[in-house]
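Source file work_8.pdb; content: PDB, C-alpha atoms, pLDDT in the B column.
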ATOM      1  CA  MET P   1      86.506 100.912 100.162  1.00 95.00           C
ATOM      2  CA  TYR P   2      88.646  98.007  99.010  1.00 97.00           C
ATOM      3  CA  ILE P   3      90.199  95.316 101.213  1.00 97.00           C
ATOM      4  CA  ALA P   4      93.258  93.399 100.031  1.00 97.00           C
ATOM      5  CA  MET P   5      94.273  90.270 101.912  1.00 97.00           C
ATOM      6  CA  ASN P   6      97.042  87.716 101.583  1.00 94.00           C
ATOM      7  CA  ARG P   7      96.803  84.448 103.516  1.00 95.00           C
ATOM      8  CA  PHE P   8      99.933  82.594 104.615  1.00 93.00           C
ATOM      9  CA  THR P   9     100.199  79.108 106.113  1.00 94.00           C
ATOM     10  CA  VAL P  10     103.162  78.954 108.504  1.00 95.00           C
ATOM     11  CA  THR P  11     104.499  75.991 110.450  1.00 95.00           C
ATOM     12  CA  GLU P  12     104.622  76.511 114.202  1.00 95.00           C
ATOM     13  CA  GLN P  13     108.440  76.282 114.184  1.00 94.00           C
ATOM     14  CA  ASN P  14     108.610  79.217 111.686  1.00 94.00           C
ATOM     15  CA  ALA P  15     105.966  81.350 113.407  1.00 95.00           C
ATOM     16  CA  ALA P  16     108.342  83.496 115.491  1.00 95.00           C
ATOM     17  CA  ALA P  17     110.601  84.264 112.503  1.00 93.00           C
ATOM     18  CA  PHE P  18     107.565  85.014 110.309  1.00 91.00           C
ATOM     19  CA  GLU P  19     106.141  87.411 112.897  1.00 94.00           C
ATOM     20  CA  ASP P  20     109.536  89.093 113.410  1.00 91.00           C
ATOM     21  CA  LEU P  21     109.805  89.609 109.662  1.00 87.00           C
ATOM     22  CA  TRP P  22     106.443  91.379 109.476  1.00 87.00           C
ATOM     23  CA  LEU P  23     106.877  93.370 112.678  1.00 89.00           C
ATOM     24  CA  GLY P  24     110.334  94.597 111.665  1.00 84.00           C
ATOM     25  CA  ARG P  25     109.754  95.512 108.026  1.00 80.00           C
ATOM     26  CA  ASP P  26     109.030  98.921 106.526  1.00 78.00           C
ATOM     27  CA  SER P  27     105.808  98.496 104.568  1.00 83.00           C
ATOM     28  CA  HIS P  28     105.964 101.929 102.873  1.00 84.00           C
ATOM     29  CA  LEU P  29     102.153 102.035 103.094  1.00 90.00           C
ATOM     30  CA  LYS P  30     101.692 105.234 105.102  1.00 89.00           C
ATOM     31  CA  ASP P  31     102.869 107.440 102.245  1.00 87.00           C
ATOM     32  CA  MET P  32     100.494 105.977  99.655  1.00 91.00           C
ATOM     33  CA  ASP P  33      97.435 107.877  98.464  1.00 95.00           C
ATOM     34  CA  GLY P  34      94.284 105.994  99.378  1.00 96.00           C
ATOM     35  CA  PHE P  35      95.859 103.869 102.122  1.00 96.00           C
ATOM     36  CA  VAL P  36      93.543 103.597 105.145  1.00 97.00           C
ATOM     37  CA  GLU P  37      94.923 100.922 107.486  1.00 96.00           C
ATOM     38  CA  PHE P  38      96.828  97.662 107.787  1.00 95.00           C
ATOM     39  CA  HIS P  39      96.456  94.677 110.108  1.00 96.00           C
ATOM     40  CA  MET P  40      98.529  91.507 110.300  1.00 95.00           C
ATOM     41  CA  LEU P  41      96.226  88.801 111.630  1.00 97.00           C
ATOM     42  CA  LYS P  42      97.144  85.544 113.337  1.00 97.00           C
ATOM     43  CA  GLY P  43      94.699  82.658 113.365  1.00 96.00           C
ATOM     44  CA  PRO P  44      94.634  79.530 115.485  1.00 92.00           C
ATOM     45  CA  ALA P  45      97.207  76.752 115.285  1.00 93.00           C
ATOM     46  CA  GLU P  46      95.937  73.552 113.715  1.00 94.00           C
ATOM     47  CA  ASN P  47      97.953  70.424 112.902  1.00 96.00           C
ATOM     48  CA  GLY P  48     101.237  72.239 113.492  1.00 95.00           C
ATOM     49  CA  ARG P  49     100.355  75.141 111.181  1.00 96.00           C
ATOM     50  CA  ILE P  50      99.146  78.696 111.777  1.00 97.00           C
ATOM     51  CA  LEU P  51      97.091  80.771 109.346  1.00 96.00           C
ATOM     52  CA  TYR P  52      98.146  84.431 109.021  1.00 96.00           C
ATOM     53  CA  ALA P  53      96.480  87.128 106.916  1.00 96.00           C
ATOM     54  CA  SER P  54      97.720  90.551 105.927  1.00 94.00           C
ATOM     55  CA  HIS P  55      94.662  92.833 105.778  1.00 95.00           C
ATOM     56  CA  THR P  56      94.967  96.215 104.077  1.00 95.00           C
ATOM     57  CA  VAL P  57      92.136  98.710 103.690  1.00 97.00           C
ATOM     58  CA  TRP P  58      92.210 101.167 100.778  1.00 97.00           C
ATOM     59  CA  ALA P  59      89.957 104.042  99.781  1.00 97.00           C
ATOM     60  CA  SER P  60      89.359 102.317  96.429  1.00 96.00           C
ATOM     61  CA  GLU P  61      90.488  99.427  94.269  1.00 97.00           C
ATOM     62  CA  ASP P  62      92.245 101.966  92.033  1.00 97.00           C
ATOM     63  CA  ALA P  63      94.313 103.147  95.025  1.00 97.00           C
ATOM     64  CA  PHE P  64      95.299  99.535  95.762  1.00 96.00           C
ATOM     65  CA  ARG P  65      96.225  98.879  92.120  1.00 96.00           C
ATOM     66  CA  ALA P  66      98.362 102.043  92.093  1.00 95.00           C
ATOM     67  CA  TRP P  67     100.171 100.710  95.189  1.00 92.00           C
ATOM     68  CA  THR P  68     100.970  97.422  93.441  1.00 91.00           C
ATOM     69  CA  LYS P  69     102.592  99.344  90.560  1.00 94.00           C
ATOM     70  CA  SER P  70     104.549 101.773  92.740  1.00 91.00           C
ATOM     71  CA  GLN P  71     108.213 101.999  93.681  1.00 88.00           C
ATOM     72  CA  ALA P  72     107.077 101.783  97.331  1.00 84.00           C
ATOM     73  CA  PHE P  73     105.508  98.363  96.632  1.00 83.00           C
ATOM     74  CA  ARG P  74     108.725  97.119  95.036  1.00 83.00           C
ATOM     75  CA  ALA P  75     110.730  98.392  98.011  1.00 82.00           C
ATOM     76  CA  ALA P  76     108.372  96.739 100.530  1.00 77.00           C
ATOM     77  CA  HIS P  77     108.566  93.385  98.715  1.00 70.00           C
ATOM     78  CA  LYS P  78     112.235  93.393  97.656  1.00 71.00           C
ATOM     79  CA  ASP P  79     113.139  90.457  99.930  1.00 66.00           C
ATOM     80  CA  ALA P  80     109.970  88.406  99.385  1.00 65.00           C
ATOM     81  CA  GLY P  81     111.743  85.630  97.486  1.00 63.00           C
ATOM     82  CA  SER P  82     114.276  85.048 100.241  1.00 63.00           C
ATOM     83  CA  THR P  83     111.613  84.845 102.963  1.00 64.00           C
ATOM     84  CA  ALA P  84     109.286  82.437 101.134  1.00 60.00           C
ATOM     85  CA  LYS P  85     110.808  79.541 103.083  1.00 73.00           C
ATOM     86  CA  LEU P  86     108.985  80.801 106.197  1.00 80.00           C
ATOM     87  CA  HIS P  87     105.548  79.913 104.798  1.00 82.00           C
ATOM     88  CA  GLU P  88     104.121  77.044 102.775  1.00 80.00           C
ATOM     89  CA  GLY P  89     103.455  77.699  99.102  1.00 74.00           C
ATOM     90  CA  SER P  90     102.557  81.088  97.688  1.00 81.00           C
ATOM     91  CA  PRO P  91     100.451  83.571  99.635  1.00 84.00           C
ATOM     92  CA  LYS P  92      96.774  83.402  98.667  1.00 91.00           C
ATOM     93  CA  PHE P  93      95.528  86.835  97.547  1.00 93.00           C
ATOM     94  CA  GLU P  94      91.916  87.878  98.076  1.00 96.00           C
ATOM     95  CA  GLY P  95      90.532  91.291  97.103  1.00 96.00           C
ATOM     96  CA  PHE P  96      87.153  92.588  98.247  1.00 96.00           C
ATOM     97  CA  SER P  97      85.050  95.589  97.283  1.00 96.00           C
ATOM     98  CA  THR P  98      82.954  96.888 100.157  1.00 93.00           C
ATOM     99  CA  ILE P  99      79.190  96.676  99.633  1.00 94.00           C
ATOM    100  CA  GLN P 100      78.294  97.685 103.189  1.00 95.00           C
ATOM    101  CA  HIS P 101      80.232  99.443 105.949  1.00 91.00           C
ATOM    102  CA  ILE P 102      78.925  99.958 109.477  1.00 94.00           C
ATOM    103  CA  ALA P 103      81.077 101.858 111.946  1.00 89.00           C
ATOM    104  CA  ARG P 104      80.580 103.180 115.420  1.00 92.00           C
TER
END

This structure in structure tokens:
Amino acid sequence: MYIAMNRFTVTEQNAAAFEDLWLGRDSHLKDMDGFVEFHMLKGPAENGRILYASHTVWASEDAFRAWTKSQAFRAAHKDAGSTAKLHEGSPKFEGFSTIQHIAR
């Protein structure tokens, strides 16, 4: 399994618009081979800012890399430049290979 995450720092005044953007967009993930699940996470507010993280689980790193090169990826991110004003700086990407998985 491979987990891909992007962290976003959002000011409290932009939080509602940022959440609306994510909740209303078509991610195009469900049709991708190797896609397992997606979560948009919201952390605590601190000093007027909120940490968000997009959390995507893939069957493998190869499946994730194929997603990033796909037409579906380009379609899902076509408006990214125009929405950058909702968060501070660039998203911080973190990719993780699973070394242990425990499930119920």

task: Run the PyMOL selection byres ((chain P and resi 20-37) around 10) against the file shown and list the residues it catches, as a VMD selection string.
output: chain P and resid 1 to 3 15 to 19 38 to 40 54 to 64 66 to 67 70 to 77 83 86

Keeping only C-alpha atoms, write the selected residues as a compact mmCIF listing (two decimals), in the coordinates of the input.
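Result went into part_15.txt, see below:
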# COMPACT_ATOMS: atom_id res chain seq x y z
CA MET P 1 86.51 100.91 100.16
CA TYR P 2 88.65 98.01 99.01
CA ILE P 3 90.20 95.32 101.21
CA ALA P 15 105.97 81.35 113.41
CA ALA P 16 108.34 83.50 115.49
CA ALA P 17 110.60 84.26 112.50
CA PHE P 18 107.56 85.01 110.31
CA GLU P 19 106.14 87.41 112.90
CA PHE P 38 96.83 97.66 107.79
CA HIS P 39 96.46 94.68 110.11
CA MET P 40 98.53 91.51 110.30
CA SER P 54 97.72 90.55 105.93
CA HIS P 55 94.66 92.83 105.78
CA THR P 56 94.97 96.22 104.08
CA VAL P 57 92.14 98.71 103.69
CA TRP P 58 92.21 101.17 100.78
CA ALA P 59 89.96 104.04 99.78
CA SER P 60 89.36 102.32 96.43
CA GLU P 61 90.49 99.43 94.27
CA ASP P 62 92.24 101.97 92.03
CA ALA P 63 94.31 103.15 95.02
CA PHE P 64 95.30 99.54 95.76
CA ALA P 66 98.36 102.04 92.09
CA TRP P 67 100.17 100.71 95.19
CA SER P 70 104.55 101.77 92.74
CA GLN P 71 108.21 102.00 93.68
CA ALA P 72 107.08 101.78 97.33
CA PHE P 73 105.51 98.36 96.63
CA ARG P 74 108.72 97.12 95.04
CA ALA P 75 110.73 98.39 98.01
CA ALA P 76 108.37 96.74 100.53
CA HIS P 77 108.57 93.38 98.72
CA THR P 83 111.61 84.84 102.96
CA LEU P 86 108.98 80.80 106.20

Report as an mmCIF file with C-alpha atoms, in the frame of the given file the residues that result from applying the PyMOL selection byres ((chain P and resi 45) around 12) to the structure here.
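Dumped everything to out23.cif:
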data_model
loop_
_atom_site.group_PDB
_atom_site.id
_atom_site.type_symbol
_atom_site.label_atom_id
_atom_site.label_comp_id
_atom_site.auth_asym_id
_atom_site.auth_seq_id
_atom_site.Cartn_x
_atom_site.Cartn_y
_atom_site.Cartn_z
ATOM 1 C CA THR P 9 100.199 79.108 106.113
ATOM 2 C CA VAL P 10 103.162 78.954 108.504
ATOM 3 C CA THR P 11 104.499 75.991 110.450
ATOM 4 C CA GLU P 12 104.622 76.511 114.202
ATOM 5 C CA GLN P 13 108.440 76.282 114.184
ATOM 6 C CA ALA P 15 105.966 81.350 113.407
ATOM 7 C CA LYS P 42 97.144 85.544 113.337
ATOM 8 C CA GLY P 43 94.699 82.658 113.365
ATOM 9 C CA PRO P 44 94.634 79.530 115.485
ATOM 10 C CA GLU P 46 95.937 73.552 113.715
ATOM 11 C CA ASN P 47 97.953 70.424 112.902
ATOM 12 C CA GLY P 48 101.237 72.239 113.492
ATOM 13 C CA ARG P 49 100.355 75.141 111.181
ATOM 14 C CA ILE P 50 99.146 78.696 111.777
ATOM 15 C CA LEU P 51 97.091 80.771 109.346
ATOM 16 C CA TYR P 52 98.146 84.431 109.021
#

query: So what do you get for atom CA of P:Ala103 versus atom CA of P:Ala53, distance-wise?
result: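 Spanning atom CA of P:Ala103 to atom CA of P:Ala53 is a straight-line distance of 21.9 Å.
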
query: Quick one, how far is atom CA of P:Ile102 from atom CA of P:Leu41?
result: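 The value is 20.7 Å.
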
query: Quick one: distance from atom CA of P:Lys69 to atom CA of P:Met5 in Å, one decimal?
result: 16.7 Å

field: Picked residues, the PyMOL selection byres ((chain P and resi 95) around 6), as a PyMOL selection string
entry: chain P and resi 3-4+94+96

Please produce a file of the residues just selected, as a PDB file, keeping the file's coordinate frame, where the atoms kept are C-alpha atoms.
ATOM      1  CA  ILE P   3      90.199  95.316 101.213  1.00 97.00           C
ATOM      2  CA  ALA P   4      93.258  93.399 100.031  1.00 97.00           C
ATOM      3  CA  GLU P  94      91.916  87.878  98.076  1.00 96.00           C
ATOM      4  CA  PHE P  96      87.153  92.588  98.247  1.00 96.00           C
TER       5      PHE P  96
END

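Comparing P:Arg65, P:Pro91, P:Arg104, P:Ile99 by their smallest distance to P:Arg7, the closest is P:Pro91 (using only C-alpha atoms).
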